[in-house]
$ cat entry-v3.cif   # mmCIF, C-alpha atoms and all ligand atoms
data_model
#
loop_
_atom_site.group_PDB
_atom_site.id
_atom_site.type_symbol
_atom_site.label_atom_id
_atom_site.label_comp_id
_atom_site.auth_asym_id
_atom_site.auth_seq_id
_atom_site.Cartn_x
_atom_site.Cartn_y
_atom_site.Cartn_z
ATOM 1 C CA MET A 1 -3.398 -21.381 0.440
ATOM 2 C CA TYR A 2 -4.568 -21.093 -3.131
ATOM 3 C CA THR A 3 -3.065 -23.796 -5.358
ATOM 4 C CA SER A 4 -5.734 -24.849 -7.864
ATOM 5 C CA GLN A 5 -3.885 -25.814 -11.071
ATOM 6 C CA LEU A 6 -6.977 -25.416 -13.205
ATOM 7 C CA ARG A 7 -7.543 -21.930 -11.892
ATOM 8 C CA GLU A 8 -3.897 -20.993 -12.522
ATOM 9 C CA ALA A 9 -4.160 -22.190 -16.128
ATOM 10 C CA ASP A 10 -7.329 -20.177 -16.550
ATOM 11 C CA MET A 11 -5.739 -17.055 -15.202
ATOM 12 C CA LYS A 12 -2.429 -17.098 -17.038
ATOM 13 C CA SER A 13 -1.941 -14.212 -19.436
ATOM 14 C CA SER A 14 -5.543 -13.172 -19.208
ATOM 15 C CA ALA A 15 -5.714 -9.497 -20.010
ATOM 16 C CA VAL A 16 -8.373 -7.556 -18.176
ATOM 17 C CA LYS A 17 -9.784 -4.437 -19.714
ATOM 18 C CA SER A 18 -10.792 -2.016 -17.042
ATOM 19 C CA VAL A 19 -14.007 -0.119 -17.379
ATOM 20 C CA GLU A 20 -12.803 2.583 -15.019
ATOM 21 C CA LEU A 21 -11.918 5.957 -16.469
ATOM 22 C CA ASP A 22 -8.364 6.484 -15.348
ATOM 23 C CA ILE A 23 -6.967 3.032 -15.965
ATOM 24 C CA ASP A 24 -5.604 2.262 -19.411
ATOM 25 C CA TRP A 25 -5.106 -1.377 -18.819
ATOM 26 C CA ALA A 26 -4.636 -4.124 -16.295
ATOM 27 C CA VAL A 27 -3.080 -7.554 -16.657
ATOM 28 C CA GLN A 28 -2.990 -10.495 -14.313
ATOM 29 C CA THR A 29 -1.074 -13.668 -13.623
ATOM 30 C CA VAL A 30 -0.290 -15.971 -10.718
ATOM 31 C CA MET A 31 2.801 -15.122 -8.700
ATOM 32 C CA PRO A 32 4.260 -17.572 -6.211
ATOM 33 C CA ILE A 33 6.040 -15.654 -3.450
ATOM 34 C CA GLU A 34 8.205 -16.631 -0.493
ATOM 35 C CA PHE A 35 6.966 -15.071 2.716
ATOM 36 C CA ARG A 36 8.442 -15.955 6.102
ATOM 37 C CA GLY A 37 9.484 -19.408 4.907
ATOM 38 C CA ARG A 38 6.201 -20.245 3.182
ATOM 39 C CA GLU A 39 5.505 -20.457 -0.552
ATOM 40 C CA ILE A 40 2.257 -18.623 -1.233
ATOM 41 C CA HIS A 41 0.479 -18.291 -4.560
ATOM 42 C CA MET A 42 -0.984 -14.851 -5.079
ATOM 43 C CA GLU A 43 -3.040 -13.453 -7.917
ATOM 44 C CA ALA A 44 -0.928 -10.627 -9.268
ATOM 45 C CA ARG A 45 -2.228 -7.712 -11.264
ATOM 46 C CA ALA A 46 -0.537 -4.638 -12.653
ATOM 47 C CA TYR A 47 -2.421 -1.482 -13.451
ATOM 48 C CA GLN A 48 -1.327 1.398 -15.662
ATOM 49 C CA GLY A 49 -3.091 4.736 -15.939
ATOM 50 C CA HIS A 50 -2.654 7.434 -18.569
ATOM 51 C CA ASP A 51 0.053 9.149 -16.529
ATOM 52 C CA PRO A 52 3.270 7.043 -16.469
ATOM 53 C CA HIS A 53 3.448 7.627 -12.681
ATOM 54 C CA CYS A 54 -0.022 6.187 -12.322
ATOM 55 C CA GLN A 55 0.978 2.572 -11.788
ATOM 56 C CA ALA A 56 0.151 -0.090 -9.240
ATOM 57 C CA MET A 57 0.925 -3.690 -8.346
ATOM 58 C CA VAL A 58 -1.842 -5.692 -6.734
ATOM 59 C CA LEU A 59 -1.458 -9.030 -4.941
ATOM 60 C CA ILE A 60 -4.563 -10.934 -3.935
ATOM 61 C CA HIS A 61 -4.690 -13.868 -1.542
ATOM 62 C CA ARG A 62 -7.756 -16.099 -1.648
ATOM 63 C CA ASP A 63 -8.395 -18.995 0.703
ATOM 64 C CA ASN A 64 -11.990 -20.090 0.094
ATOM 65 C CA PRO A 65 -13.592 -16.705 0.728
ATOM 66 C CA SER A 66 -17.322 -16.843 1.367
ATOM 67 C CA PRO A 67 -19.600 -14.851 -0.951
ATOM 68 C CA GLY A 68 -19.492 -11.232 0.163
ATOM 69 C CA GLU A 69 -16.344 -11.811 2.247
ATOM 70 C CA LEU A 70 -14.986 -8.462 3.456
ATOM 71 C CA PRO A 71 -11.512 -8.087 1.903
ATOM 72 C CA VAL A 72 -8.658 -7.078 4.182
ATOM 73 C CA VAL A 73 -6.771 -4.431 2.216
ATOM 74 C CA ARG A 74 -3.434 -2.683 2.527
ATOM 75 C CA VAL A 75 -2.831 0.346 0.285
ATOM 76 C CA HIS A 76 0.940 0.617 0.619
ATOM 77 C CA SER A 77 2.952 3.626 -0.497
ATOM 78 C CA GLY A 78 6.157 2.455 -2.146
ATOM 79 C CA CYS A 79 9.352 3.279 -0.259
ATOM 80 C CA VAL A 80 12.660 2.329 -1.910
ATOM 81 C CA THR A 81 14.723 3.011 1.198
ATOM 82 C CA GLY A 82 12.377 1.144 3.538
ATOM 83 C CA ASP A 83 10.718 -1.603 1.484
ATOM 84 C CA ILE A 84 13.857 -2.683 -0.392
ATOM 85 C CA PHE A 85 16.801 -1.715 1.822
ATOM 86 C CA HIS A 86 14.982 -1.960 5.174
ATOM 87 C CA SER A 87 16.010 1.531 6.230
ATOM 88 C CA LEU A 88 15.402 2.082 9.927
ATOM 89 C CA ARG A 89 14.506 5.738 9.420
ATOM 90 C CA CYS A 90 10.906 4.952 8.569
ATOM 91 C CA ASP A 91 8.473 2.167 9.440
ATOM 92 C CA CYS A 92 7.499 1.198 5.874
ATOM 93 C CA TYR A 93 9.188 -2.201 5.836
ATOM 94 C CA PRO A 94 7.744 -3.475 9.148
ATOM 95 C CA GLN A 95 4.338 -2.159 8.054
ATOM 96 C CA LEU A 96 4.653 -3.961 4.714
ATOM 97 C CA GLN A 97 5.632 -7.186 6.490
ATOM 98 C CA ALA A 98 2.833 -6.881 9.075
ATOM 99 C CA SER A 99 0.322 -6.268 6.257
ATOM 100 C CA MET A 100 1.564 -9.253 4.238
ATOM 101 C CA GLU A 101 1.238 -11.438 7.355
ATOM 102 C CA VAL A 102 -2.428 -10.451 7.725
ATOM 103 C CA ILE A 103 -3.151 -10.635 3.965
ATOM 104 C CA THR A 104 -1.565 -14.057 3.455
ATOM 105 C CA THR A 105 -3.460 -15.525 6.412
ATOM 106 C CA SER A 106 -6.831 -14.007 5.468
ATOM 107 C CA ARG A 107 -9.521 -15.724 3.408
ATOM 108 C CA LEU A 108 -9.468 -12.640 1.186
ATOM 109 C CA GLY A 109 -6.495 -10.297 1.442
ATOM 110 C CA VAL A 110 -5.430 -7.582 -0.989
ATOM 111 C CA MET A 111 -2.165 -5.639 -1.264
ATOM 112 C CA VAL A 112 -2.326 -2.515 -3.440
ATOM 113 C CA TYR A 113 1.267 -1.331 -3.834
ATOM 114 C CA LEU A 114 1.809 2.168 -5.230
ATOM 115 C CA PRO A 115 5.451 2.615 -6.367
ATOM 116 C CA TYR A 116 5.104 6.332 -7.066
ATOM 117 C CA HIS A 117 3.933 7.253 -3.579
ATOM 118 C CA GLU A 118 7.563 7.525 -2.422
ATOM 119 C CA GLY A 119 8.096 9.920 0.503
ATOM 120 C CA ARG A 120 4.368 10.638 0.958
ATOM 121 C CA GLY A 121 4.288 11.463 -2.744
ATOM 122 C CA ILE A 122 7.228 13.885 -3.022
ATOM 123 C CA GLY A 123 9.560 11.417 -4.746
ATOM 124 C CA LEU A 124 12.842 9.745 -3.887
ATOM 125 C CA VAL A 125 15.186 12.702 -4.356
ATOM 126 C CA ASN A 126 13.047 15.085 -2.310
ATOM 127 C CA LYS A 127 12.699 12.459 0.365
ATOM 128 C CA ILE A 128 16.467 12.119 0.725
ATOM 129 C CA ARG A 129 16.659 15.924 0.784
ATOM 130 C CA THR A 130 14.263 15.986 3.724
ATOM 131 C CA TYR A 131 16.346 13.292 5.449
ATOM 132 C CA ALA A 132 19.366 15.590 5.186
ATOM 133 C CA LEU A 133 17.351 18.351 6.857
ATOM 134 C CA GLN A 134 16.169 15.940 9.526
ATOM 135 C CA ASP A 135 19.859 15.284 10.283
ATOM 136 C CA GLN A 136 20.002 18.992 11.155
ATOM 137 C CA GLY A 137 17.076 18.747 13.554
ATOM 138 C CA TYR A 138 13.943 19.305 11.452
ATOM 139 C CA ASP A 139 11.052 16.908 11.966
ATOM 140 C CA THR A 140 9.454 15.106 8.996
ATOM 141 C CA VAL A 141 6.740 17.760 8.583
ATOM 142 C CA ASP A 142 8.977 20.857 8.873
ATOM 143 C CA ALA A 143 11.580 19.307 6.560
ATOM 144 C CA ASN A 144 8.987 19.039 3.773
ATOM 145 C CA VAL A 145 7.928 22.636 4.345
ATOM 146 C CA ALA A 146 11.581 23.769 4.252
ATOM 147 C CA ILE A 147 12.172 22.330 0.764
ATOM 148 C CA GLY A 148 8.852 23.669 -0.508
ATOM 149 C CA ALA A 149 7.297 20.220 -0.825
ATOM 150 C CA PRO A 150 3.797 19.368 0.342
ATOM 151 C CA ILE A 151 3.538 17.491 3.660
ATOM 152 C CA GLU A 152 1.174 15.037 1.995
ATOM 153 C CA ALA A 153 1.127 14.681 -1.806
ATOM 154 C CA ARG A 154 -0.358 11.231 -2.164
ATOM 155 C CA ASP A 155 -3.356 10.680 -4.374
ATOM 156 C CA TYR A 156 -5.660 7.720 -3.702
ATOM 157 C CA ASP A 157 -7.644 8.003 -6.915
ATOM 158 C CA LEU A 158 -5.869 5.063 -8.601
ATOM 159 C CA ALA A 159 -6.124 2.861 -5.490
ATOM 160 C CA ALA A 160 -9.872 3.521 -5.306
ATOM 161 C CA HIS A 161 -10.324 2.796 -9.032
ATOM 162 C CA ILE A 162 -8.487 -0.499 -8.593
ATOM 163 C CA LEU A 163 -10.650 -1.515 -5.641
ATOM 164 C CA PHE A 164 -13.782 -0.749 -7.673
ATOM 165 C CA ASP A 165 -12.308 -2.664 -10.625
ATOM 166 C CA LEU A 166 -11.808 -5.694 -8.368
ATOM 167 C CA GLY A 167 -15.346 -5.358 -7.036
ATOM 168 C CA TYR A 168 -14.142 -4.463 -3.542
ATOM 169 C CA SER A 169 -15.880 -1.210 -2.667
ATOM 170 C CA ARG A 170 -16.357 -2.334 0.976
ATOM 171 C CA ILE A 171 -13.113 -3.114 2.783
ATOM 172 C CA ALA A 172 -11.298 -3.535 6.067
ATOM 173 C CA LEU A 173 -8.232 -1.280 5.751
ATOM 174 C CA LEU A 174 -4.854 -2.018 7.306
ATOM 175 C CA THR A 175 -3.447 1.367 8.287
ATOM 176 C CA ASN A 176 -2.475 3.606 11.173
ATOM 177 C CA ASN A 177 -3.267 6.694 9.142
ATOM 178 C CA PRO A 178 -6.760 8.185 9.522
ATOM 179 C CA ALA A 179 -6.064 10.495 6.536
ATOM 180 C CA LYS A 180 -5.762 7.401 4.309
ATOM 181 C CA VAL A 181 -9.148 6.149 5.536
ATOM 182 C CA ASN A 182 -10.687 9.549 4.790
ATOM 183 C CA ALA A 183 -8.991 9.807 1.379
ATOM 184 C CA LEU A 184 -10.382 6.418 0.292
ATOM 185 C CA ARG A 185 -13.820 7.288 1.673
ATOM 186 C CA ALA A 186 -13.718 10.526 -0.328
ATOM 187 C CA GLU A 187 -13.120 8.381 -3.431
ATOM 188 C CA GLY A 188 -16.259 6.369 -2.680
ATOM 189 C CA ILE A 189 -14.761 3.346 -0.917
ATOM 190 C CA THR A 190 -16.633 2.144 2.179
ATOM 191 C CA VAL A 191 -14.020 1.522 4.846
ATOM 192 C CA VAL A 192 -15.996 -0.675 7.209
ATOM 193 C CA GLU A 193 -13.092 -1.210 9.570
ATOM 194 C CA GLN A 194 -9.672 0.340 10.206
ATOM 195 C CA ARG A 195 -7.131 -2.147 11.532
ATOM 196 C CA SER A 196 -3.947 -0.719 12.993
ATOM 197 C CA LEU A 197 -0.520 -2.191 12.368
ATOM 198 C CA ILE A 198 1.576 -2.057 15.475
ATOM 199 C CA VAL A 199 5.275 -1.987 14.658
ATOM 200 C CA LYS A 200 8.284 -1.521 16.911
ATOM 201 C CA ALA A 201 10.170 1.765 16.826
ATOM 202 C CA SER A 202 13.915 1.798 16.213
ATOM 203 C CA PRO A 203 16.300 4.436 17.648
ATOM 204 C CA TYR A 204 16.383 5.949 14.134
ATOM 205 C CA ASN A 205 12.672 6.320 13.534
ATOM 206 C CA LYS A 206 11.497 7.139 17.076
ATOM 207 C CA ARG A 207 11.178 10.855 16.306
ATOM 208 C CA TYR A 208 9.614 10.212 12.875
ATOM 209 C CA LEU A 209 6.944 7.999 14.453
ATOM 210 C CA ALA A 210 6.341 10.524 17.241
ATOM 211 C CA THR A 211 5.850 13.270 14.635
ATOM 212 C CA LYS A 212 3.424 11.129 12.661
ATOM 213 C CA LYS A 213 1.488 10.550 15.883
ATOM 214 C CA GLU A 214 1.527 14.146 17.125
ATOM 215 C CA ARG A 215 1.324 16.119 13.899
ATOM 216 C CA MET A 216 -0.462 13.751 11.496
ATOM 217 C CA ALA A 217 -2.832 11.985 13.923
ATOM 218 C CA HIS A 218 -1.470 8.502 13.219
ATOM 219 C CA LEU A 219 -2.632 5.796 15.613
ATOM 220 C CA LEU A 220 0.673 4.420 16.859
HETATM 221 ZN ZN ZN B 301 9.619 4.505 4.179
#
$ encode --input "entry-v3.cif" --output "C-alpha cells"
Amino acid sequence: MYTSQLREADMKSSAVKSVELDIDWAVQTVMPIEFRGREIHMEARAYQGHDPHCQAMVLIHRDNPSPGELPVVRVHSGCVTGDIFHSLRCDCYPQLQASMEVITTSRLGVMVYLPYHEGRGIGLVNKIRTYALQDQGYDTVDANVAIGAPIEARDYDLAAHILFDLGYSRIALLTNNPAKVNALRAEGITVVEQRSLIVKASPYNKRYLATKKERMAHLL
C-alpha cells in the first residue's frame, strides 16, 4: 500500500499539462478509498478533452513497482445503473469490483474510468430504452438495432491518450472483450496480455451475458 507522506505532499494540487493532442488538461491528487474493508491510497487523476463528453477518472495503485513493471489496466465503461445502483441486469459492477481487487493488489495497477461510455456508448436514456425492449424479448444487440442506436459506440481514443500520457503504452488489460483489446491496439497501445474477469451470472443478466458471448465474442 502506498502511504508515503512526502510523496503525497509532493503530489497535492500538482497540475499536469498533457502533451497529447486531444486532452485539454489533467490534474492529480491523492485519493484514499475504502475497498472491501481496507483503506487504500490511490493516485487520482482527472482528464478533460475538448469535447465535454471526453472525460475520464484515473486511479493508480503503486506498491514498489520495479522499473519497467507491466501495469495491470482496466478501461471501465461507466454504467450508472450497474456501478452505482448495482443493477443485476448487467455485469458492470462485479467487473468493476473484480478489477479493483486486482488493481489494488498489484504492484502497478491502473483504473481508467470513462463516465460517458454508458450503455456501450449510447447514453443512459437510450440504454433504458433498450432495457424496455429487452423486457419484450429483444436481446441486447437487437434492442440497439431496434432503436436505431449502434451496437457498439465506444471510442477508446481518450483511454489510449491517457495511457500514453502516463507512460504506459505496454499493458496487461483486464477485460473479457476482445473488441476492447483490438480497439486499444488500433490506437497504438501494446496489449501484452489479456486477463479475463470471471463474474457470476444472475437470473437477470444470464441472457445478456449469453448474448455478449455468442454475438460479441466475449470470453465468459
Ligand atoms: Zn452496466
$ residues_around --input "entry-v3.cif" --residues "region 115-122 of chain A" --least-positions-apart "2" --cutoff "10 Å" --atoms "all atoms listed in the file" --output "number ranges by chain"
A: 52-57, 76-82, 90, 112-113, 124-128, 130, 144, 149-156
$ residues_around --input "entry-v3.cif" --residues "Pro94 (chain A)" --least-positions-apart "3" --cutoff "10 Å" --atoms "all atoms listed in the file" --output "PyMOL selection string"
chain A and resi 82-83+86+88+90-91+97-100+197-201
$ write_last_selection --input "entry-v3.cif" --atoms "C-alpha atoms" --output "short mmCIF file (atom, residue, chain, number, x, y, z; two decimals), keeping the file's coordinate frame"
data_model
loop_
_atom_site.label_atom_id
_atom_site.label_comp_id
_atom_site.auth_asym_id
_atom_site.auth_seq_id
_atom_site.Cartn_x
_atom_site.Cartn_y
_atom_site.Cartn_z
CA GLY A 82 12.38 1.14 3.54
CA ASP A 83 10.72 -1.60 1.48
CA HIS A 86 14.98 -1.96 5.17
CA LEU A 88 15.40 2.08 9.93
CA CYS A 90 10.91 4.95 8.57
CA ASP A 91 8.47 2.17 9.44
CA GLN A 97 5.63 -7.19 6.49
CA ALA A 98 2.83 -6.88 9.07
CA SER A 99 0.32 -6.27 6.26
CA MET A 100 1.56 -9.25 4.24
CA LEU A 197 -0.52 -2.19 12.37
CA ILE A 198 1.58 -2.06 15.48
CA VAL A 199 5.28 -1.99 14.66
CA LYS A 200 8.28 -1.52 16.91
CA ALA A 201 10.17 1.76 16.83
#
$ closest_residue --input "entry-v3.cif" --among "A:Ala210, A:Val141, A:Leu184, A:Ile103" --to "His161 (chain A)" --atoms "all atoms listed in the file"
A:Leu184
$ resolve_selection --input "entry-v3.cif" --expression "the PyMOL selection byres (((chain A and resi 65) around 6) and not hetatm)" --output "PyMOL selection string"
chain A and resi 63-64+66+69+107-108
$ atom_distance --input "entry-v3.cif" --atom1 "CA of Leu59 (chain A)" --atom2 "CA of Ser196 (chain A)"
19.9 Å
$ resolve_selection --input "entry-v3.cif" --expression "the PyMOL selection byres (((chain A and resi 183) around 12) and not hetatm)" --output "count of residues only"
25
$ atom_distance --input "entry-v3.cif" --atom1 "CA of Ala26 (chain A)" --atom2 "CA of Gln48 (chain A)"
6.5 Å
$ closest_residue --input "entry-v3.cif" --among "A:Leu133, A:Leu163, A:Ile60, A:Cys92" --to "ligand ZN 301 (chain B)" --atoms "all atoms listed in the file"
A:Cys92
$ atom_distance --input "entry-v3.cif" --atom1 "CA of Ala132 (chain A)" --atom2 "CA of Lys206 (chain A)"
16.6 Å
$ closest_residue --input "entry-v3.cif" --among "A:Glu39, A:Tyr131, A:Phe164, A:Tyr138" --to "ligand ZN 301 (chain B)" --atoms "only C-alpha atoms and all ligand atoms"
A:Tyr131
$ resolve_selection --input "entry-v3.cif" --expression "the PyMOL selection byres (((chain A and resi 45) around 10) and not hetatm)" --output "JSON list (two decimals) with C-alpha atoms, in the coordinates of the input"
[["chain", "number", "residue", "atom", "x", "y", "z"],
["A", 15, "ALA", "CA", -5.71, -9.50, -20.01],
["A", 16, "VAL", "CA", -8.37, -7.56, -18.18],
["A", 26, "ALA", "CA", -4.64, -4.12, -16.30],
["A", 27, "VAL", "CA", -3.08, -7.55, -16.66],
["A", 28, "GLN", "CA", -2.99, -10.50, -14.31],
["A", 29, "THR", "CA", -1.07, -13.67, -13.62],
["A", 30, "VAL", "CA", -0.29, -15.97, -10.72],
["A", 31, "MET", "CA", 2.80, -15.12, -8.70],
["A", 42, "MET", "CA", -0.98, -14.85, -5.08],
["A", 43, "GLU", "CA", -3.04, -13.45, -7.92],
["A", 44, "ALA", "CA", -0.93, -10.63, -9.27],
["A", 46, "ALA", "CA", -0.54, -4.64, -12.65],
["A", 47, "TYR", "CA", -2.42, -1.48, -13.45],
["A", 56, "ALA", "CA", 0.15, -0.09, -9.24],
["A", 57, "MET", "CA", 0.92, -3.69, -8.35],
["A", 58, "VAL", "CA", -1.84, -5.69, -6.73],
["A", 59, "LEU", "CA", -1.46, -9.03, -4.94],
["A", 60, "ILE", "CA", -4.56, -10.93, -3.94],
["A", 112, "VAL", "CA", -2.33, -2.52, -3.44],
["A", 162, "ILE", "CA", -8.49, -0.50, -8.59]]
$ closest_residue --input "entry-v3.cif" --among "A:Ser169, A:Gln95, A:Thr104, A:Thr175" --to "ligand ZN 301 (chain B)" --atoms "all atoms listed in the file"
A:Gln95
$ closest_residue --input "entry-v3.cif" --among "A:Arg89, A:Gly123, A:Gln194, A:His41" --to "ligand ZN 301 (chain B)" --atoms "only C-alpha atoms and all ligand atoms"
A:Arg89
$ closest_residue --input "entry-v3.cif" --among "A:Tyr208, A:Gln136, A:Pro32, A:Gly148" --to "ligand ZN 301 (chain B)" --atoms "all atoms listed in the file"
A:Tyr208
$ decode --input "entry-v3.cif" --residues "region 70-100 of chain A" --atoms "N, CA and C atoms" --output "PDB file, in the first residue's frame"
ATOM      1  N   LEU A  70       5.068  -4.037 -15.774  1.00  0.00           N
ATOM      2  CA  LEU A  70       3.930  -4.017 -16.693  1.00  0.00           C
ATOM      3  C   LEU A  70       2.668  -3.622 -15.913  1.00  0.00           C
ATOM      4  N   PRO A  71       2.048  -2.487 -16.232  1.00  0.00           N
ATOM      5  CA  PRO A  71       0.853  -2.103 -15.477  1.00  0.00           C
ATOM      6  C   PRO A  71      -0.344  -2.989 -15.816  1.00  0.00           C
ATOM      7  N   VAL A  72      -1.119  -3.307 -14.779  1.00  0.00           N
ATOM      8  CA  VAL A  72      -2.357  -4.053 -14.975  1.00  0.00           C
ATOM      9  C   VAL A  72      -3.460  -3.002 -15.084  1.00  0.00           C
ATOM     10  N   VAL A  73      -4.139  -2.960 -16.218  1.00  0.00           N
ATOM     11  CA  VAL A  73      -5.046  -1.859 -16.520  1.00  0.00           C
ATOM     12  C   VAL A  73      -6.468  -2.338 -16.753  1.00  0.00           C
ATOM     13  N   ARG A  74      -7.423  -1.607 -16.184  1.00  0.00           N
ATOM     14  CA  ARG A  74      -8.825  -1.790 -16.518  1.00  0.00           C
ATOM     15  C   ARG A  74      -9.301  -0.491 -17.182  1.00  0.00           C
ATOM     16  N   VAL A  75      -9.880  -0.595 -18.366  1.00  0.00           N
ATOM     17  CA  VAL A  75     -10.533   0.549 -19.004  1.00  0.00           C
ATOM     18  C   VAL A  75     -12.016   0.272 -18.838  1.00  0.00           C
ATOM     19  N   HIS A  76     -12.645   0.957 -17.872  1.00  0.00           N
ATOM     20  CA  HIS A  76     -14.014   0.617 -17.493  1.00  0.00           C
ATOM     21  C   HIS A  76     -15.009   1.634 -18.035  1.00  0.00           C
ATOM     22  N   SER A  77     -16.000   1.135 -18.745  1.00  0.00           N
ATOM     23  CA  SER A  77     -17.065   1.985 -19.271  1.00  0.00           C
ATOM     24  C   SER A  77     -18.070   2.267 -18.172  1.00  0.00           C
ATOM     25  N   GLY A  78     -18.267   3.540 -17.880  1.00  0.00           N
ATOM     26  CA  GLY A  78     -19.182   3.943 -16.812  1.00  0.00           C
ATOM     27  C   GLY A  78     -20.591   3.394 -17.026  1.00  0.00           C
ATOM     28  N   CYS A  79     -21.222   2.978 -15.933  1.00  0.00           N
ATOM     29  CA  CYS A  79     -22.567   2.415 -16.002  1.00  0.00           C
ATOM     30  C   CYS A  79     -23.296   2.861 -14.740  1.00  0.00           C
ATOM     31  N   VAL A  80     -24.160   3.858 -14.858  1.00  0.00           N
ATOM     32  CA  VAL A  80     -24.876   4.390 -13.691  1.00  0.00           C
ATOM     33  C   VAL A  80     -25.696   3.295 -13.016  1.00  0.00           C
ATOM     34  N   THR A  81     -26.439   2.543 -13.809  1.00  0.00           N
ATOM     35  CA  THR A  81     -27.320   1.527 -13.235  1.00  0.00           C
ATOM     36  C   THR A  81     -26.530   0.412 -12.537  1.00  0.00           C
ATOM     37  N   GLY A  82     -25.416   0.022 -13.143  1.00  0.00           N
ATOM     38  CA  GLY A  82     -24.625  -1.075 -12.580  1.00  0.00           C
ATOM     39  C   GLY A  82     -23.633  -0.615 -11.520  1.00  0.00           C
ATOM     40  N   ASP A  83     -22.775   0.347 -11.884  1.00  0.00           N
ATOM     41  CA  ASP A  83     -21.687   0.750 -10.983  1.00  0.00           C
ATOM     42  C   ASP A  83     -22.213   1.391  -9.703  1.00  0.00           C
ATOM     43  N   ILE A  84     -23.278   2.201  -9.817  1.00  0.00           N
ATOM     44  CA  ILE A  84     -23.765   2.929  -8.642  1.00  0.00           C
ATOM     45  C   ILE A  84     -24.877   2.163  -7.925  1.00  0.00           C
ATOM     46  N   PHE A  85     -25.869   1.682  -8.707  1.00  0.00           N
ATOM     47  CA  PHE A  85     -27.028   1.052  -8.065  1.00  0.00           C
ATOM     48  C   PHE A  85     -26.961  -0.477  -8.039  1.00  0.00           C
ATOM     49  N   HIS A  86     -25.872  -1.031  -8.577  1.00  0.00           N
ATOM     50  CA  HIS A  86     -25.648  -2.476  -8.570  1.00  0.00           C
ATOM     51  C   HIS A  86     -26.783  -3.240  -9.258  1.00  0.00           C
ATOM     52  N   SER A  87     -27.256  -2.676 -10.356  1.00  0.00           N
ATOM     53  CA  SER A  87     -28.274  -3.364 -11.153  1.00  0.00           C
ATOM     54  C   SER A  87     -27.791  -4.763 -11.506  1.00  0.00           C
ATOM     55  N   LEU A  88     -28.705  -5.707 -11.474  1.00  0.00           N
ATOM     56  CA  LEU A  88     -28.364  -7.096 -11.792  1.00  0.00           C
ATOM     57  C   LEU A  88     -28.577  -7.406 -13.269  1.00  0.00           C
ATOM     58  N   ARG A  89     -28.969  -6.389 -14.043  1.00  0.00           N
ATOM     59  CA  ARG A  89     -29.215  -6.630 -15.465  1.00  0.00           C
ATOM     60  C   ARG A  89     -27.941  -6.656 -16.288  1.00  0.00           C
ATOM     61  N   CYS A  90     -26.872  -6.097 -15.743  1.00  0.00           N
ATOM     62  CA  CYS A  90     -25.595  -6.174 -16.459  1.00  0.00           C
ATOM     63  C   CYS A  90     -24.539  -6.696 -15.482  1.00  0.00           C
ATOM     64  N   ASP A  91     -23.312  -6.820 -15.953  1.00  0.00           N
ATOM     65  CA  ASP A  91     -22.251  -7.338 -15.082  1.00  0.00           C
ATOM     66  C   ASP A  91     -21.197  -6.271 -14.803  1.00  0.00           C
ATOM     67  N   CYS A  92     -21.568  -4.994 -14.968  1.00  0.00           N
ATOM     68  CA  CYS A  92     -20.587  -3.910 -14.798  1.00  0.00           C
ATOM     69  C   CYS A  92     -20.046  -3.826 -13.374  1.00  0.00           C
ATOM     70  N   TYR A  93     -20.945  -3.893 -12.392  1.00  0.00           N
ATOM     71  CA  TYR A  93     -20.499  -3.747 -11.006  1.00  0.00           C
ATOM     72  C   TYR A  93     -19.553  -4.875 -10.583  1.00  0.00           C
ATOM     73  N   PRO A  94     -19.935  -6.158 -10.784  1.00  0.00           N
ATOM     74  CA  PRO A  94     -18.970  -7.212 -10.427  1.00  0.00           C
ATOM     75  C   PRO A  94     -17.652  -7.110 -11.203  1.00  0.00           C
ATOM     76  N   GLN A  95     -17.714  -6.630 -12.441  1.00  0.00           N
ATOM     77  CA  GLN A  95     -16.469  -6.461 -13.204  1.00  0.00           C
ATOM     78  C   GLN A  95     -15.617  -5.338 -12.630  1.00  0.00           C
ATOM     79  N   LEU A  96     -16.285  -4.261 -12.194  1.00  0.00           N
ATOM     80  CA  LEU A  96     -15.578  -3.135 -11.577  1.00  0.00           C
ATOM     81  C   LEU A  96     -14.905  -3.592 -10.279  1.00  0.00           C
ATOM     82  N   GLN A  97     -15.657  -4.348  -9.472  1.00  0.00           N
ATOM     83  CA  GLN A  97     -15.127  -4.848  -8.205  1.00  0.00           C
ATOM     84  C   GLN A  97     -13.957  -5.814  -8.434  1.00  0.00           C
ATOM     85  N   ALA A  98     -14.123  -6.729  -9.385  1.00  0.00           N
ATOM     86  CA  ALA A  98     -13.061  -7.708  -9.676  1.00  0.00           C
ATOM     87  C   ALA A  98     -11.812  -6.979 -10.170  1.00  0.00           C
ATOM     88  N   SER A  99     -12.000  -5.937 -10.976  1.00  0.00           N
ATOM     89  CA  SER A  99     -10.849  -5.160 -11.477  1.00  0.00           C
ATOM     90  C   SER A  99     -10.155  -4.442 -10.340  1.00  0.00           C
ATOM     91  N   MET A 100     -10.952  -3.812  -9.445  1.00  0.00           N
ATOM     92  CA  MET A 100     -10.361  -3.068  -8.328  1.00  0.00           C
ATOM     93  C   MET A 100      -9.586  -4.010  -7.409  1.00  0.00           C
TER      94      MET A 100
END
